[in-house]
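Below is work.txt, which holds compact mmCIF, C-alpha atoms.
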```txt
# COMPACT_ATOMS: atom_id res chain seq x y z
CA MET A 54 0.00 0.00 0.00
CA PRO A 55 1.38 3.45 -0.91
CA ARG A 56 2.55 5.48 2.04
CA TRP A 57 0.24 8.42 1.33
CA ARG A 58 -2.74 6.07 1.26
CA SER A 59 -1.80 4.57 4.62
CA ILE A 60 -1.56 8.04 6.15
CA TRP A 61 -4.90 9.03 4.61
CA LEU A 62 -6.66 5.91 5.92
CA VAL A 63 -5.40 6.51 9.45
CA ALA A 64 -6.34 10.21 9.29
CA ARG A 65 -9.77 9.37 7.88
CA ARG A 66 -10.36 6.87 10.67
CA GLU A 67 -9.51 9.49 13.29
CA ILE A 68 -11.75 12.11 11.67
CA LEU A 69 -14.76 9.81 11.38
CA GLU A 70 -14.50 8.12 14.76
CA ARG A 71 -13.69 11.18 16.83
CA GLY A 72 -15.69 13.66 14.75
CA ARG A 73 -18.86 11.61 15.15
CA SER A 74 -18.38 11.01 18.84
CA ARG A 75 -20.84 12.61 21.23
CA GLY A 76 -18.01 14.02 23.30
CA PHE A 77 -16.55 16.00 20.38
CA ILE A 78 -19.93 17.32 19.23
CA LEU A 79 -20.95 18.36 22.74
CA SER A 80 -17.54 19.94 23.33
CA VAL A 81 -17.81 22.07 20.19
CA ALA A 82 -21.41 23.05 20.96
CA PHE A 83 -20.72 23.89 24.60
CA THR A 84 -17.57 25.88 23.89
CA THR A 85 -19.28 27.77 21.07
CA LEU A 86 -22.08 28.73 23.44
CA ILE A 87 -19.50 30.03 25.91
CA VAL A 88 -17.79 32.07 23.17
CA VAL A 89 -21.06 33.57 21.96
CA GLY A 90 -22.31 34.08 25.51
CA SER A 91 -19.17 36.04 26.43
CA PHE A 92 -20.35 38.69 23.97
CA ILE A 93 -24.13 38.46 24.40
CA VAL A 94 -24.37 38.35 28.21
CA PRO A 95 -22.33 41.55 28.80
CA ALA A 96 -24.28 43.24 26.01
CA VAL A 97 -27.58 42.35 27.69
CA LEU A 98 -26.49 43.17 31.24
CA PHE A 99 -24.24 46.15 30.60
CA GLY A 100 -24.91 47.02 26.99
CA GLY A 101 -26.26 50.50 27.42
CA GLU A 102 -25.24 52.75 30.27
CA SER A 103 -28.47 54.32 31.51
CA ALA A 104 -28.60 58.00 32.29
CA THR A 105 -28.50 59.06 35.93
CA LYS A 106 -31.84 60.61 36.85
CA VAL A 107 -31.35 63.93 38.65
CA GLY A 108 -34.21 65.74 40.36
CA VAL A 109 -33.96 69.52 40.84
CA VAL A 110 -36.15 71.17 43.50
CA GLU A 111 -37.74 74.45 42.45
CA PRO A 112 -37.12 77.29 42.86
CA ALA A 113 -33.54 76.78 41.65
CA PRO A 114 -31.04 78.80 39.59
CA ALA A 115 -32.08 78.84 35.95
CA ALA A 116 -28.58 77.75 34.87
CA LEU A 117 -28.45 74.70 37.17
CA PRO A 118 -29.86 72.00 34.81
CA ALA A 119 -27.64 73.10 31.93
CA ALA A 120 -24.59 73.27 34.23
CA ILE A 121 -25.18 69.72 35.50
CA GLU A 122 -25.57 68.37 31.95
CA ALA A 123 -22.43 70.17 30.71
CA THR A 124 -20.35 68.93 33.64
CA ALA A 125 -21.61 65.36 33.22
CA GLU A 126 -20.72 65.44 29.54
CA ARG A 127 -17.11 66.34 30.37
CA PHE A 128 -16.93 63.19 32.51
CA ASP A 129 -18.63 60.99 29.87
CA ARG A 130 -21.72 60.53 32.02
CA GLN A 131 -25.34 60.85 30.93
CA VAL A 132 -27.92 62.60 33.08
CA ALA A 133 -31.66 63.15 32.78
CA ILE A 134 -32.94 66.26 34.59
CA SER A 135 -36.41 66.45 36.16
CA THR A 136 -37.80 69.37 38.18
CA TYR A 137 -40.10 69.15 41.21
CA PRO A 138 -42.19 71.93 42.80
CA ASP A 139 -41.00 71.26 46.34
CA ALA A 140 -38.72 69.06 48.44
CA ALA A 141 -41.54 66.72 49.47
CA ALA A 142 -42.35 65.81 45.87
CA ALA A 143 -38.66 65.31 45.11
CA ASP A 144 -38.17 63.07 48.16
CA ALA A 145 -41.20 61.00 47.12
CA ALA A 146 -39.67 60.54 43.67
CA LEU A 147 -36.35 59.59 45.27
CA ALA A 148 -38.07 57.02 47.48
CA ASP A 149 -39.94 55.30 44.62
CA GLY A 150 -36.91 55.28 42.33
CA SER A 151 -38.11 57.89 39.85
CA VAL A 152 -34.83 59.77 40.38
CA ASP A 153 -31.39 58.71 41.62
CA VAL A 154 -30.42 61.98 43.28
CA VAL A 155 -32.17 65.18 44.39
CA VAL A 156 -30.47 68.57 44.20
CA THR A 157 -31.68 71.55 46.23
CA MET A 158 -30.06 74.95 45.65
CA PRO A 159 -31.38 78.42 46.51
CA ALA A 160 -32.36 80.45 43.47
CA ASP A 161 -30.57 83.48 44.90
CA LEU A 162 -27.35 81.45 45.39
CA SER A 163 -27.32 82.34 49.07
CA GLY A 164 -26.12 78.86 50.04
CA PRO A 165 -24.39 75.79 48.55
CA GLY A 166 -27.55 73.67 48.64
CA THR A 167 -27.82 69.93 49.27
CA ILE A 168 -27.39 66.69 47.32
CA ARG A 169 -29.46 63.76 48.57
CA PHE A 170 -29.45 60.10 47.61
CA ASP A 171 -31.88 57.44 48.70
CA LYS A 172 -29.37 55.17 50.45
CA GLN A 173 -25.80 54.83 49.19
CA PRO A 174 -24.31 58.03 47.71
CA ASP A 175 -22.85 57.80 44.20
CA GLN A 176 -19.56 59.63 44.65
CA ALA A 177 -19.05 60.18 40.92
CA ILE A 178 -22.43 61.87 40.35
CA ALA A 179 -22.03 63.77 43.63
CA GLN A 180 -18.76 65.24 42.35
CA ILE A 181 -20.40 66.18 39.04
CA VAL A 182 -23.31 67.98 40.69
CA SER A 183 -20.99 69.66 43.19
CA ALA A 184 -18.78 70.96 40.39
CA ALA A 185 -21.84 72.32 38.57
CA THR A 186 -23.20 74.15 41.64
CA ILE A 187 -19.79 75.56 42.55
CA GLY A 188 -19.34 76.76 38.99
CA ILE A 189 -22.67 78.63 39.07
CA ARG A 190 -21.80 80.37 42.35
CA VAL A 191 -18.28 81.25 41.19
CA ASP A 192 -19.68 82.76 37.98
CA ALA A 193 -22.09 84.84 40.05
CA VAL A 194 -19.28 86.16 42.23
CA LEU A 195 -17.10 86.95 39.23
CA GLY A 196 -19.99 88.73 37.56
CA ALA A 197 -20.24 91.11 40.52
CA SER A 198 -16.50 91.87 40.53
CA ASP A 199 -14.01 93.43 38.16
CA VAL A 200 -12.11 90.18 37.51
CA ASP A 201 -11.30 89.57 33.84
CA ARG A 202 -13.31 86.40 33.29
CA GLY A 203 -11.54 85.62 30.04
CA ALA A 204 -8.15 85.78 31.72
CA LEU A 205 -9.43 83.64 34.60
CA ALA A 206 -10.79 81.02 32.19
CA ALA A 207 -7.45 80.96 30.36
CA ALA A 208 -5.59 80.54 33.65
CA GLN A 209 -7.80 77.58 34.57
CA GLN A 210 -7.13 75.83 31.25
CA PRO A 211 -5.49 72.46 32.06
CA PRO A 212 -2.38 71.30 30.14
CA ALA A 213 -2.86 69.15 27.07
CA ILE A 214 -2.53 65.41 27.73
CA GLY A 215 -1.01 63.21 25.06
CA ALA A 216 1.34 60.31 24.38
CA ARG A 217 4.44 59.89 22.27
CA GLU A 218 2.90 56.87 20.54
CA PRO A 219 -0.80 57.07 21.31
CA GLN A 220 -2.80 53.84 21.19
CA THR A 221 -5.90 54.11 19.05
CA GLU A 222 -9.02 51.97 19.38
CA ASP A 223 -7.89 50.13 16.25
CA ASP A 224 -4.56 49.29 17.91
CA GLU A 225 -6.36 48.01 21.00
CA ALA A 226 -8.66 45.88 18.85
CA LYS A 227 -5.65 44.43 17.00
CA PHE A 228 -4.02 43.44 20.29
CA PHE A 229 -7.28 41.97 21.58
CA VAL A 230 -7.71 39.81 18.47
CA ALA A 231 -4.07 38.67 18.58
CA ASN A 232 -4.23 37.91 22.32
CA ILE A 233 -7.37 35.86 21.85
CA GLY A 234 -5.58 34.07 19.02
CA ALA A 235 -2.66 33.17 21.30
CA VAL A 236 -5.10 31.79 23.87
CA LEU A 237 -6.89 29.74 21.19
CA ILE A 238 -3.56 28.32 19.99
CA LEU A 239 -2.63 27.36 23.55
CA VAL A 240 -6.05 25.79 24.19
CA GLY A 241 -5.90 23.97 20.84
CA ILE A 242 -2.47 22.57 21.56
CA PHE A 243 -3.50 21.25 24.96
CA SER A 244 -6.90 20.04 23.79
CA PHE A 245 -6.08 18.27 20.53
CA GLY A 246 -2.44 17.58 21.35
CA TYR A 247 -3.59 15.66 24.40
CA THR A 248 -6.16 13.90 22.25
CA VAL A 249 -3.25 12.53 20.21
CA LEU A 250 -1.47 11.58 23.44
CA THR A 251 -4.44 9.77 24.96
CA GLY A 252 -5.28 8.13 21.64
CA VAL A 253 -1.82 6.61 21.42
CA VAL A 254 -1.97 5.32 24.99
CA GLU A 255 -5.51 3.92 24.60
CA GLU A 256 -4.59 2.00 21.45
CA LYS A 257 -1.46 0.71 23.16
CA GLN A 258 -3.42 -0.43 26.23
CA SER A 259 -6.14 -2.16 24.20
CA ARG A 260 -3.56 -3.76 21.88
CA VAL A 261 -5.41 -2.34 18.88
CA VAL A 262 -2.14 -0.83 17.69
CA GLU A 263 -0.72 -4.34 17.15
CA VAL A 264 -3.45 -5.06 14.62
CA VAL A 265 -3.05 -1.70 12.89
CA LEU A 266 0.72 -2.05 12.62
CA SER A 267 0.29 -5.30 10.70
CA THR A 268 -0.70 -3.18 7.69
CA VAL A 269 0.59 0.33 8.48
CA ARG A 270 4.13 1.45 9.28
CA PRO A 271 4.57 3.11 12.70
CA ARG A 272 5.62 6.50 11.34
CA ASP A 273 2.64 6.53 8.96
CA LEU A 274 0.33 5.70 11.85
CA LEU A 275 1.73 8.59 13.89
CA MET A 276 1.48 11.03 11.00
CA GLY A 277 -2.06 9.95 10.11
CA LYS A 278 -3.18 10.28 13.73
CA VAL A 279 -1.68 13.77 14.04
CA LEU A 280 -3.18 14.93 10.73
CA GLY A 281 -6.63 13.44 11.36
CA ILE A 282 -7.04 14.96 14.80
CA GLY A 283 -5.54 18.18 13.46
CA VAL A 284 -8.32 18.46 10.89
CA LEU A 285 -10.87 18.28 13.72
CA GLY A 286 -8.90 20.96 15.56
CA VAL A 287 -9.00 23.28 12.55
CA ILE A 288 -12.75 22.69 12.17
CA GLN A 289 -13.30 23.56 15.81
CA LEU A 290 -11.11 26.66 15.50
CA VAL A 291 -13.08 27.85 12.45
CA VAL A 292 -16.36 27.38 14.34
CA PHE A 293 -15.05 29.31 17.37
CA VAL A 294 -13.62 32.20 15.36
CA ALA A 295 -16.71 32.48 13.14
CA ALA A 296 -19.03 32.43 16.16
CA ALA A 297 -16.92 35.05 17.95
CA LEU A 298 -16.81 37.38 14.92
CA VAL A 299 -20.55 37.10 14.32
CA ALA A 300 -21.32 37.69 18.00
CA ALA A 301 -18.93 40.67 18.16
CA LEU A 302 -20.52 42.30 15.12
CA ALA A 303 -24.09 41.53 16.23
CA THR A 304 -23.65 42.98 19.72
CA ASP A 305 -21.32 45.81 18.65
CA ARG A 306 -19.12 44.95 21.62
CA LEU A 307 -15.93 45.06 19.56
CA THR A 308 -14.99 47.21 16.61
CA LEU A 309 -12.98 44.86 14.45
CA PRO A 310 -9.84 46.40 12.95
CA THR A 311 -9.29 46.55 9.20
CA THR A 312 -6.51 43.97 9.60
CA THR A 313 -8.89 41.31 10.96
CA PRO A 314 -8.87 39.10 7.79
CA GLY A 315 -5.07 39.03 7.82
CA ALA A 316 -4.99 38.39 11.57
CA VAL A 317 -7.42 35.48 11.21
CA ALA A 318 -5.33 34.01 8.36
CA LEU A 319 -2.17 34.37 10.46
CA LEU A 320 -3.95 32.77 13.41
CA GLY A 321 -4.97 29.81 11.25
CA LEU A 322 -1.43 29.37 9.94
CA TRP A 323 0.20 29.39 13.36
CA PHE A 324 -2.52 27.25 14.90
CA VAL A 325 -1.70 24.54 12.34
CA LEU A 326 2.06 24.89 12.77
CA GLY A 327 1.86 24.99 16.56
CA TYR A 328 -0.46 21.99 16.65
CA LEU A 329 1.78 19.93 14.33
CA LEU A 330 4.84 20.74 16.42
CA TYR A 331 3.41 20.01 19.85
CA SER A 332 1.10 17.13 18.91
CA THR A 333 3.97 15.27 17.24
CA ALA A 334 5.97 15.56 20.46
CA LEU A 335 2.99 14.50 22.56
CA GLY A 336 2.29 11.59 20.21
CA PHE A 337 5.67 9.90 20.49
CA LEU A 338 5.99 10.72 24.19
CA GLY A 339 2.61 9.04 24.69
CA ALA A 340 4.04 5.89 23.15
CA LEU A 341 6.51 5.71 26.04
CA ALA A 342 3.64 5.24 28.51
CA SER A 343 1.73 2.01 29.01
CA ARG A 344 -1.07 3.48 31.14
CA MET A 345 -3.00 6.75 31.19
CA GLU A 346 -1.53 7.54 34.60
CA GLU A 347 1.96 7.55 33.07
CA ALA A 348 0.95 9.70 30.13
CA SER A 349 0.71 12.93 32.13
CA ASN A 350 4.23 12.45 33.45
CA ALA A 351 5.56 11.73 29.97
CA SER A 352 3.99 14.91 28.61
CA THR A 353 5.28 17.22 31.35
CA PRO A 354 8.28 18.54 29.32
CA VAL A 355 5.99 19.53 26.43
CA THR A 356 3.55 21.19 28.81
CA MET A 357 6.30 23.22 30.43
CA VAL A 358 7.70 24.35 27.09
CA ALA A 359 4.26 25.41 25.86
CA MET A 360 3.49 27.39 29.02
CA ILE A 361 6.89 29.12 29.05
CA SER A 362 6.48 30.02 25.37
CA TYR A 363 3.03 31.47 26.02
CA PHE A 364 4.24 33.61 28.93
CA VAL A 365 7.20 34.83 26.88
CA ALA A 366 4.70 35.98 24.25
CA ILE A 367 2.42 37.68 26.77
CA PHE A 368 5.06 39.45 28.85
CA ALA A 369 8.14 39.96 26.66
CA VAL A 370 6.31 40.78 23.43
CA VAL A 371 3.75 43.08 25.03
CA ASP A 372 6.49 44.93 26.92
CA ASP A 373 8.79 45.35 23.91
CA PRO A 374 7.53 43.75 20.66
CA SER A 375 10.71 44.75 18.79
CA GLY A 376 13.11 43.83 21.59
CA THR A 377 15.80 41.20 21.62
CA VAL A 378 13.78 38.59 23.51
CA ALA A 379 10.78 38.94 21.20
CA THR A 380 12.98 38.77 18.09
CA ILE A 381 14.84 35.66 19.25
CA ALA A 382 11.59 33.96 20.32
CA THR A 383 10.24 34.58 16.81
CA PHE A 384 12.71 32.10 15.35
CA VAL A 385 12.44 29.46 18.10
CA PRO A 386 9.85 26.90 16.89
CA PRO A 387 8.15 26.22 20.27
CA SER A 388 7.52 29.93 20.95
CA ALA A 389 6.93 31.16 17.38
CA PRO A 390 3.20 30.19 17.25
CA PHE A 391 2.52 32.48 20.22
CA VAL A 392 5.00 35.28 19.50
CA VAL A 393 4.47 35.97 15.79
CA PRO A 394 0.71 36.79 15.91
CA LEU A 395 1.26 39.17 18.84
CA ARG A 396 4.19 40.94 17.18
CA ALA A 397 2.15 41.24 14.01
CA ALA A 398 -0.66 42.85 16.02
CA PHE A 399 1.79 45.57 17.11
CA ASP A 400 3.11 45.98 13.54
CA ALA A 401 6.50 45.13 15.00
CA ILE A 402 7.52 42.29 12.70
CA PRO A 403 8.50 42.54 9.02
CA ALA A 404 7.16 40.08 6.48
CA TRP A 405 10.54 38.40 5.99
CA GLN A 406 10.68 37.51 9.70
CA ILE A 407 7.21 35.93 9.50
CA GLY A 408 8.31 33.85 6.51
CA LEU A 409 11.63 32.85 8.06
CA SER A 410 9.91 31.98 11.35
CA ALA A 411 7.39 29.77 9.53
CA LEU A 412 10.23 28.05 7.67
CA ALA A 413 12.16 27.47 10.91
CA THR A 414 9.04 26.01 12.52
CA LEU A 415 8.47 23.69 9.56
CA VAL A 416 12.06 22.49 9.85
CA GLY A 417 11.51 21.97 13.57
CA ILE A 418 8.38 19.93 12.85
CA TRP A 419 10.25 17.79 10.34
CA VAL A 420 13.18 17.16 12.72
CA LEU A 421 10.80 16.38 15.56
CA PHE A 422 8.82 14.01 13.37
CA VAL A 423 11.94 12.16 12.21
CA ILE A 424 13.04 11.68 15.80
CA GLY A 425 9.51 11.04 17.03
CA ALA A 426 8.75 8.46 14.37
CA ARG A 427 11.72 6.35 15.45
CA VAL A 428 10.88 6.69 19.15
CA TYR A 429 7.23 5.87 18.40
CA ALA A 430 8.21 2.78 16.41
CA GLY A 431 10.45 1.55 19.21
CA ALA A 432 7.99 2.17 22.04
CA VAL A 433 4.49 1.65 20.72
CA LEU A 434 4.56 -2.15 21.02
CA GLN A 435 6.16 -2.18 24.47
CA VAL A 436 3.39 -2.68 27.03
CA VAL A 437 5.34 -3.44 30.21
CA GLY A 438 5.90 -0.23 32.18
CA ARG A 439 7.04 3.15 30.99
CA MET A 440 9.96 3.13 28.57
CA LYS A 441 12.83 5.54 28.62
CA LEU A 442 13.44 7.67 25.56
CA ARG A 443 16.88 6.18 25.05
CA ASP A 444 15.56 2.60 25.22
CA ALA A 445 12.83 3.36 22.68
CA TRP A 446 15.39 4.87 20.30
CA ARG A 447 17.63 1.81 20.57
CA SER A 448 14.71 -0.59 20.24
CA ALA A 449 13.69 0.96 16.92
CA GLY A 450 17.20 0.52 15.55
CA GLU A 451 17.32 -3.19 16.26
```
What is this structure when it is put down as structure tokens?
Amino acid sequence: MPRWRSIWLVARREILERGRSRGFILSVAFTTLIVVGSFIVPAVLFGGESATKVGVVEPAPAALPAAIEATAERFDRQVAISTYPDAAAADAALADGSVDVVVTMPADLSGPGTIRFDKQPDQAIAQIVSAATIGIRVDAVLGASDVDRGALAAAQQPPAIGAREPQTEDDEAKFFVANIGAVLILVGIFSFGYTVLTGVVEEKQSRVVEVVLSTVRPRDLLMGKVLGIGVLGVIQLVVFVAAALVAALATDRLTLPTTTPGAVALLGLWFVLGYLLYSTALGFLGALASRMEEASNASTPVTMVAMISYFVAIFAVVDDPSGTVATIATFVPPSAPFVVPLRAAFDAIPAWQIGLSALATLVGIWVLFVIGARVYAGAVLQVVGRMKLRDAWRSAGE
């Protein structure tokens, strides 16, 4: 049987058996609901910030409602002003929830007035109303004096606030998309990479692998298993990303940057490369174990490398995306799937580095597969205890 056909048959078997399983279907459905719900639930609960209802007791200064609205606007708060003929009517409205706060201020500005809440004071709205009332009284005092109001207003002008490299909403959206992509890659590696690991151990425990190896070479079996489960991983990733994009657009919770199509394509590329790299390692390390209890110990080195690579991407790249650590990590195969999408989100990586990083990762996958195929061949038929890596390598050469 041609080698490509053997690989295809193994991959097809993995796709059909695992793709039709109830566990896989429920996992995709449940996770998709979580992804969609993370956009819909906040939109329903906190989607629109309601205006703070302010009650003004008459008689009050004519400029008070406008002053409160102008001050609230400067602090990005919305207010709805209602007037009441007397304090009793305002207190009744405060008690039944018709207003959130009641403001009483003498029309002749003879006193500072009062600000009353029903129970717990809202310090932010209290500061806004206080600033408005103080402003009205200060204007009245200045109007009765010879102070140059224009000069006073100029003197009270605060300094301009800016940044050397200001972050726009588009930049923040790019980072958000890339960060989510890094998380999806990490989750995909652990989810489907461990599926390869457990699949190898289960077949070894049940002795099914002995039957399969009568017609398929060990390295073809490993490659077919990695590719078949990888196809399911890509399908799940596409479902998650599509659901997240649709939910984000439908709820208007996230303004997608213009670079989203490129970011999604880059995410897909590095998801595939990262999965192939880590799942190959998990596959042949799983062959060293004879029981599921031993599999977690065998996979510990891969887990540690993946976690360290992820934290390098999150901390080193975010801190300095063009720095030495980020640049070196770009060309190290285990960290490249996490680092490259984040650096691209900051526009801190040239196209040639992306291409060279992908090439280095492909070479790493090939080297790992060559080594892993031999280890897998030497260990997959050994069912007595956990094998050492060196013993599996020697066993395959005999």
Atomic distance CA of Gly72 (chain A) - CA of Val423 (chain A), expressed in Å with one decimal: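 About the pair CA of Gly72 (chain A) and CA of Val423 (chain A): they are 27.8 Å apart.
Considering the residues A:Val261, A:Met345, A:Val325, A:Ala359 and counting all atoms listed in the file, Val284 (chain A) has its shortest atom-to-atom contact with A:Val325.
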Between CA of Ala316 (chain A) and CA of Gly234 (chain A) - distance in Å to one decimal: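 Separating CA of Gly234 (chain A) from CA of Ala316 (chain A) is a distance of 8.6 Å.
Residues in contact with Val355 (chain A) at up to 8 Å, not including ones fewer than 2 positions away on its chain and judged by only C-alpha atoms, are Tyr331, Ala334, Leu335, Ser352, Thr353, Met357, Val358 and Ala359 of chain A.
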Residues within 10 Å of Lys441 (chain A), all atoms listed in the file, excluding chain neighbours under 2 positions, as number ranges by chain: A: 338, 341-342, 351, 428, 432, 438-439, 443-446
Spatial neighbours of Thr248 (chain A), max dist 8 Å, only C-alpha atoms, sep filter under 4 positions, as number ranges by chain: A: 244, 252, 282
Pairwise distance for CA of Ile238 (chain A) and CA of Arg65 (chain A), rounded to one decimal in Å: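 It comes out at 23.3 Å.
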Selected residue of minimal separation from Val156 (chain A) among A:Leu237, A:Pro118, A:Gln176, A:Gly76, counting all atoms listed in the file: A:Pro118
Pull region 328-348 of chain A out of the block and emit N, CA and C atoms, as a compact mmCIF listing (two decimals), in the first residue's frame.
```
# COMPACT_ATOMS: atom_id res chain seq x y z
N TYR A 328 0.13 23.31 16.36
CA TYR A 328 -0.46 21.99 16.65
C TYR A 328 0.44 20.87 16.14
N LEU A 329 0.93 20.98 14.90
CA LEU A 329 1.78 19.93 14.33
C LEU A 329 3.04 19.73 15.18
N LEU A 330 3.60 20.83 15.64
CA LEU A 330 4.84 20.74 16.42
C LEU A 330 4.59 20.04 17.75
N TYR A 331 3.63 20.53 18.49
CA TYR A 331 3.41 20.01 19.85
C TYR A 331 2.73 18.65 19.84
N SER A 332 1.80 18.42 18.93
CA SER A 332 1.10 17.13 18.91
C SER A 332 2.03 16.00 18.49
N THR A 333 2.99 16.29 17.60
CA THR A 333 3.97 15.27 17.24
C THR A 333 4.79 14.86 18.47
N ALA A 334 5.21 15.86 19.24
CA ALA A 334 5.97 15.56 20.46
C ALA A 334 5.12 14.78 21.46
N LEU A 335 3.87 15.20 21.63
CA LEU A 335 2.99 14.50 22.56
C LEU A 335 2.68 13.09 22.08
N GLY A 336 2.60 12.91 20.76
CA GLY A 336 2.29 11.59 20.21
C GLY A 336 3.38 10.57 20.52
N PHE A 337 4.64 10.92 20.25
CA PHE A 337 5.67 9.90 20.49
C PHE A 337 6.01 9.78 21.96
N LEU A 338 5.80 10.86 22.75
CA LEU A 338 5.99 10.72 24.19
C LEU A 338 4.89 9.86 24.80
N GLY A 339 3.69 9.91 24.22
CA GLY A 339 2.61 9.04 24.69
C GLY A 339 2.92 7.58 24.47
N ALA A 340 3.69 7.29 23.42
CA ALA A 340 4.04 5.89 23.15
C ALA A 340 4.96 5.32 24.22
N LEU A 341 5.63 6.19 24.98
CA LEU A 341 6.51 5.71 26.04
C LEU A 341 5.73 5.19 27.24
N ALA A 342 4.46 5.63 27.36
CA ALA A 342 3.64 5.24 28.51
C ALA A 342 2.81 4.00 28.18
N SER A 343 2.57 3.19 29.18
CA SER A 343 1.73 2.01 29.01
C SER A 343 0.35 2.20 29.63
N ARG A 344 0.21 3.20 30.49
CA ARG A 344 -1.07 3.48 31.14
C ARG A 344 -1.34 4.98 31.07
N MET A 345 -2.62 5.35 31.24
CA MET A 345 -3.00 6.75 31.19
C MET A 345 -2.35 7.54 32.33
N GLU A 346 -2.14 6.86 33.47
CA GLU A 346 -1.53 7.54 34.60
C GLU A 346 -0.10 7.99 34.28
N GLU A 347 0.58 7.22 33.42
CA GLU A 347 1.96 7.55 33.07
C GLU A 347 2.03 8.61 32.00
N ALA A 348 0.93 8.79 31.26
CA ALA A 348 0.95 9.70 30.13
C ALA A 348 1.18 11.15 30.56
```
